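Undergrad: I have a structure I would like to understand better, so I am pasting it below and will then ask my questions one at a time.
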Amino acid sequence: MSPIVVLALRSLWHRRIPTVLTILSISMSVALFVGVDKIREATRDAFGGAISKVDLIVGPRSGTLSLLLFSVFHVGSPTHNISMKALDFAKAQPEVDWVVPFSLGDGYRGASVVGTTPEFFIHYKYRDGRSIAYRVGQVFSGDSDVVVGASVGEKQRLNLGDKIVLSHGHTEDGDGFVKHEDHPFTVTGILEVTGTPLDKSVFVTLGGLGEIHREIGVEAHHEEGHHEEGHHEEGHHEEGHHEEGHHEEGHHEEGHHEDHGSFKEQGGKLVATSVSGFFLGAKNRMESLNLQRTLNTWDGDALLAILPGMAMAELWKNLSIFETAMSLVSFCVVVAGILGLFVSLYIISGQRQREMTVLRAVGAGPGAIFAMLAGEAVGLVLGGIGTGAGVMYAGLYLLSPWIEKKFSISFPISGVSTMDIVFAASMLAVGCLVGVLASFKAYRSAMREGLATRF
Amino acid sequence: MQSLALNAVEFRYNSKSANVISIPAMSMEAGEKVFMFGPSGSGKTTLLGLIGGLFLPNSGDVSVLGQVISKMGNGARDRFRAQEIGFIFQVFNLVSYLSVVDNVTLPCKFGRRISAGFQTADKEALFLLEQLGVRDTVGQNIADLSIGQQQRVAAARALIGSPGIIIADEPTSALDEDARTGFLNVLFAQAKREGSSILFVSHDRTIASQFDRSLALSSVNKAKAPVTGGQV
């Protein structure tokens, strides 16, 4: 081994405490930077991965973002509902492969209740086309069955067969306004973690959703003061309006029915006559734009069909302040890390002037001095980068299941990002720069200072 | 043969300052022990830097053992210093993370050959440490050695490989009288055995009589600009 390498290693070992502290300091910067970057990436992925393999989301005509937010993220509420005729119209289009309706508006201890059909679990995908999977149990089969998302199951410690009571309305931090205690649901399935809003949702049939409003709907309407008692129970009345194509009145009715759709009695059961919206899959994705135009120009309900991908991009663009803030944090971490590294290495090199004096006196040339100081600096930086990245990735590996369960944010152990490489290269460049500066200074002045040293 | 020759050497730290060294001529014979003295700021340290090839003169030539080191390239000058010039400083002579033997053999790692009769640098180091009376320091931490012991270990390092010239910059100023006498005796004995010249700079003129000759720097340096230690 080269004597310079031996000297450098012995020097590092001799200064092991400041060496370890320097490596820790660098590794903390690296871990923080990689962590912030991963959070940014994971948030964007979680956002973008909330829906996949759905070609169109169709709902009442409002705004693109509004429809996306309530249909996928369960944020906000639809302005009104759309009739089942709209669903039938969509199904009748030859380019359509599948249609899955959904109704929203109720809650269960902070989770959103989604009224839908079993096909939802077949067609609705998330993050690069992953299918919804069950941790335990299976899809609902009756109107008193419920499937719960992973976070709901975990948080409420639910097991198969447990009975739960849904609430009318949905609030973020608890139950809604009125509990549907007359119609408890039995848990038949608990989903695997998806890292999407599905985790914080519970799923019932559309009929089940109708059942819980059979009685409570009256109270709800009464509270709102729009109708006399009993009107809600006569679901056919509002349906009549739709059939007649009186949209103004229809909207008026649906407004009273909140946003969970409306129902009519049919063979002793309540069936949906309107829903919050539906997801649509085309036989050929290329047909999505045509289908979108067809639905948006239908002369029945005032519909809005949106392409999820484009709507997601628009939403993320609107939320770019978040990315900007995260980038700013990353930038500050980089600056602080690099400054810390520079100061740390420069102080260490300054403290070694006498050592350099002796080495120069015994014949060490500029190359040897440079190799030693720059090599040590680069070694420290590499050690710091390796430690920081290792700690961060190990932490992600160990903690990601917990984070995914707790926050529904998935941290896939992805490869090194461009930002990570830029950051590591910057740190290395600073290490080299400090090494060069220190060795230049040592070569120029160490001997003079050493020779001139006096008591 | 001359071990050292300066010819019309002038040196200033930057182009706007006055000369701090201006020596028309100065020389030392091979094996000679020269005591150089002068007040603070007279340029002693700067002169040692020029002789050691650490500074280059603005004009004139510096020759060591017949080689004009002021005309050598950087690499050649560093190799020449490793091979032929032994330095002993006033303090902080040793590398704290190396053992006593490794400190002594340090020049050999940068190109100095070991003296004839020794198979390895370590054997020569142990011999020199024995001769200098600090053989028992082997195995001790550098930080645990007294100043006197450190100076003797530094002397062993300067002597290993029998360099042509030893430059000592006030190596005895931190030693008491007994230690100083003992140090000089072993240094002289070993330098004589190795055939090395010694240029010894000190304020302490009471030891001047132990050298072959004394030299007041002011008698050779015609520059008038004061120099302060480490000002560069």
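In the structure tokens, chains take the letters A, B, ... in the order shown, each chain's residues start at 1, and ligands count up from 1 in the order shown.
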Where does DSSP see strand (DSSP E or B) in stretch 97-213 of chain B, if you list the residues as a PyMOL selection string?

TA: chain B and resi 165-169+197-201+213

Undergrad: Would you save the residues from that selection as a PDB file, in the first residue's frame, using C-alpha atoms?

TA:
ATOM      1  CA  ILE B 165      23.307  18.460   5.400  1.00  0.00           C
ATOM      2  CA  ILE B 166      21.277  18.903   8.556  1.00  0.00           C
ATOM      3  CA  ILE B 167      19.376  22.123   9.087  1.00  0.00           C
ATOM      4  CA  ALA B 168      18.494  22.763  12.701  1.00  0.00           C
ATOM      5  CA  ASP B 169      16.286  25.696  13.585  1.00  0.00           C
ATOM      6  CA  SER B 197      27.208  18.968   7.668  1.00  0.00           C
ATOM      7  CA  ILE B 198      25.193  20.910  10.237  1.00  0.00           C
ATOM      8  CA  LEU B 199      23.774  24.403   9.865  1.00  0.00           C
ATOM      9  CA  PHE B 200      22.575  25.256  13.334  1.00  0.00           C
ATOM     10  CA  VAL B 201      20.572  28.423  13.959  1.00  0.00           C
ATOM     11  CA  ARG B 213      32.685  28.260  13.268  1.00  0.00           C
TER      12      ARG B 213
END

Undergrad: With the cut-off set at 6 Å and counting only C-alpha atoms, tabulate each residue of chain B with an atom at most that distance from an atom of chain A, showing the nearest atom pair and its distance in Å to one decimal, ordered by chain and increasing number, as CSV.

TA:
residue,atom,partner,partner_atom,distance
B:Asp78,CA,A:Gly363,CA,5.0
B:Arg79,CA,A:Gly363,CA,5.9
B:Arg81,CA,A:Gly363,CA,5.4
B:Ala82,CA,A:Gly363,CA,3.9
B:Val95,CA,A:Glu355,CA,5.8
B:Tyr97,CA,A:His14,CA,5.6
B:Pro107,CA,A:Val362,CA,4.8
B:Phe110,CA,A:Gly363,CA,5.7
B:Gly229,CA,A:Ala452,CA,4.8
B:Gly230,CA,A:Glu449,CA,5.0

Undergrad: Could you list, as a list in words, every residue within 8 Å of A:His183, counting only C-alpha atoms and ignoring same-chain residues fewer than 6 positions away?

TA: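 Listed by chain and then number, they are Ser144, Val165, Glu211 and Ile212 of chain A.
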
Undergrad: Please produce an output containing N, CA and C atoms for each residue in the selection, written as a PDB file, in the first residue's frame.

TA:
ATOM      1  N   SER A 144     -75.973  -5.473   3.446  1.00  0.00           N
ATOM      2  CA  SER A 144     -75.552  -5.222   4.826  1.00  0.00           C
ATOM      3  C   SER A 144     -74.071  -5.549   5.020  1.00  0.00           C
ATOM      4  N   VAL A 165     -71.487   0.919  12.248  1.00  0.00           N
ATOM      5  CA  VAL A 165     -72.618   1.786  11.942  1.00  0.00           C
ATOM      6  C   VAL A 165     -72.099   3.010  11.185  1.00  0.00           C
ATOM      7  N   GLU A 211     -80.367   1.610   1.884  1.00  0.00           N
ATOM      8  CA  GLU A 211     -81.002   1.115   3.108  1.00  0.00           C
ATOM      9  C   GLU A 211     -80.788   2.044   4.293  1.00  0.00           C
ATOM     10  N   ILE A 212     -79.592   2.556   4.405  1.00  0.00           N
ATOM     11  CA  ILE A 212     -79.332   3.388   5.580  1.00  0.00           C
ATOM     12  C   ILE A 212     -80.020   4.744   5.473  1.00  0.00           C
TER      13      ILE A 212
END

Undergrad: Which neighbours of A:Val100 fall inside 12 Å, counting only C-alpha atoms, when residues of the same chain fewer than 3 positions from it are skipped, and could you give them as a ChimeraX atom specification?

TA: /A:54-59,71,84,87-88,90-91,96-97,103,114-124,205-206,275-282

Undergrad: As a list in words, list the residues of stretch 49-81 of chain B assigned to alpha helix (DSSP H) by DSSP on the backbone atoms of this structure.

TA: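 Output for stretch 49-81 of chain B, alpha helix (DSSP H) only: Gly49, Leu50, Ile51, Asn74, Gly75, Ala76, Arg77, Asp78, Arg79, Phe80 and Arg81 of chain B.
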
Undergrad: Name all residues at most 10 Å from A:Leu289 (count only C-alpha atoms; drop same-chain ones fewer than 5 positions away) and give them as a list in words.

TA: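 Surrounding residues, per the criterion: Asp55, Leu56, Thr294, Leu295, Ala305, Ile306 and Leu307 of chain A.
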
Undergrad: How would the residues just picked look written out with N, CA and C atoms as a PDB file, in the first residue's frame?

TA:
ATOM      1  N   ASP A  55     -60.300   5.115 -17.527  1.00  0.00           N
ATOM      2  CA  ASP A  55     -60.118   6.020 -18.664  1.00  0.00           C
ATOM      3  C   ASP A  55     -60.880   7.325 -18.501  1.00  0.00           C
ATOM      4  N   LEU A  56     -62.013   7.256 -17.860  1.00  0.00           N
ATOM      5  CA  LEU A  56     -62.786   8.485 -17.644  1.00  0.00           C
ATOM      6  C   LEU A  56     -63.440   8.455 -16.267  1.00  0.00           C
ATOM      7  N   THR A 294     -68.484  12.614 -26.293  1.00  0.00           N
ATOM      8  CA  THR A 294     -69.866  12.093 -26.362  1.00  0.00           C
ATOM      9  C   THR A 294     -70.613  12.352 -25.058  1.00  0.00           C
ATOM     10  N   LEU A 295     -69.933  12.046 -23.954  1.00  0.00           N
ATOM     11  CA  LEU A 295     -70.590  12.198 -22.649  1.00  0.00           C
ATOM     12  C   LEU A 295     -70.786  13.669 -22.287  1.00  0.00           C
ATOM     13  N   ALA A 305     -67.122  14.613 -18.102  1.00  0.00           N
ATOM     14  CA  ALA A 305     -66.233  13.449 -18.161  1.00  0.00           C
ATOM     15  C   ALA A 305     -64.805  13.963 -18.222  1.00  0.00           C
ATOM     16  N   ILE A 306     -63.971  13.442 -17.362  1.00  0.00           N
ATOM     17  CA  ILE A 306     -62.575  13.920 -17.332  1.00  0.00           C
ATOM     18  C   ILE A 306     -61.620  12.743 -17.478  1.00  0.00           C
ATOM     19  N   LEU A 307     -60.457  13.053 -18.045  1.00  0.00           N
ATOM     20  CA  LEU A 307     -59.398  12.044 -18.157  1.00  0.00           C
ATOM     21  C   LEU A 307     -58.596  12.116 -16.863  1.00  0.00           C
TER      22      LEU A 307
END

Undergrad: Of the candidates A:Gly142, A:Ser52, A:Phe89, A:Ile190, which one gets nearest to A:Gly129 if we count only C-alpha atoms?

TA: A:Ser52

Undergrad: Quick one: pull the distance between atom CA of A:Val99 and atom CA of A:Ser151, Å, one decimal.

TA: 26.7 Å

Undergrad: I'd like the neighbourhood of stretch 206-210 of chain B as a count of residues only, where a residue qualifies if any of its atoms comes within 10 Å (using only C-alpha atoms), though same-chain residues fewer than 5 positions away should be ignored.

TA: 15

Undergrad: Report, in Å to a single decimal, how far apart atom CA of A:Tyr346 and atom CA of B:Ile88 are.

TA: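 Answer for the atom CA of B:Ile88 to atom CA of A:Tyr346 separation: 27.4 Å.
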
Undergrad: From the set B:Ala116, B:Met1, B:Leu48, B:Ile69, which residue has the shortest atom-to-atom contact distance to B:Met28, counting only C-alpha atoms?

TA: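 Among the listed residues, the smallest separation from B:Met28 belongs to B:Met1.
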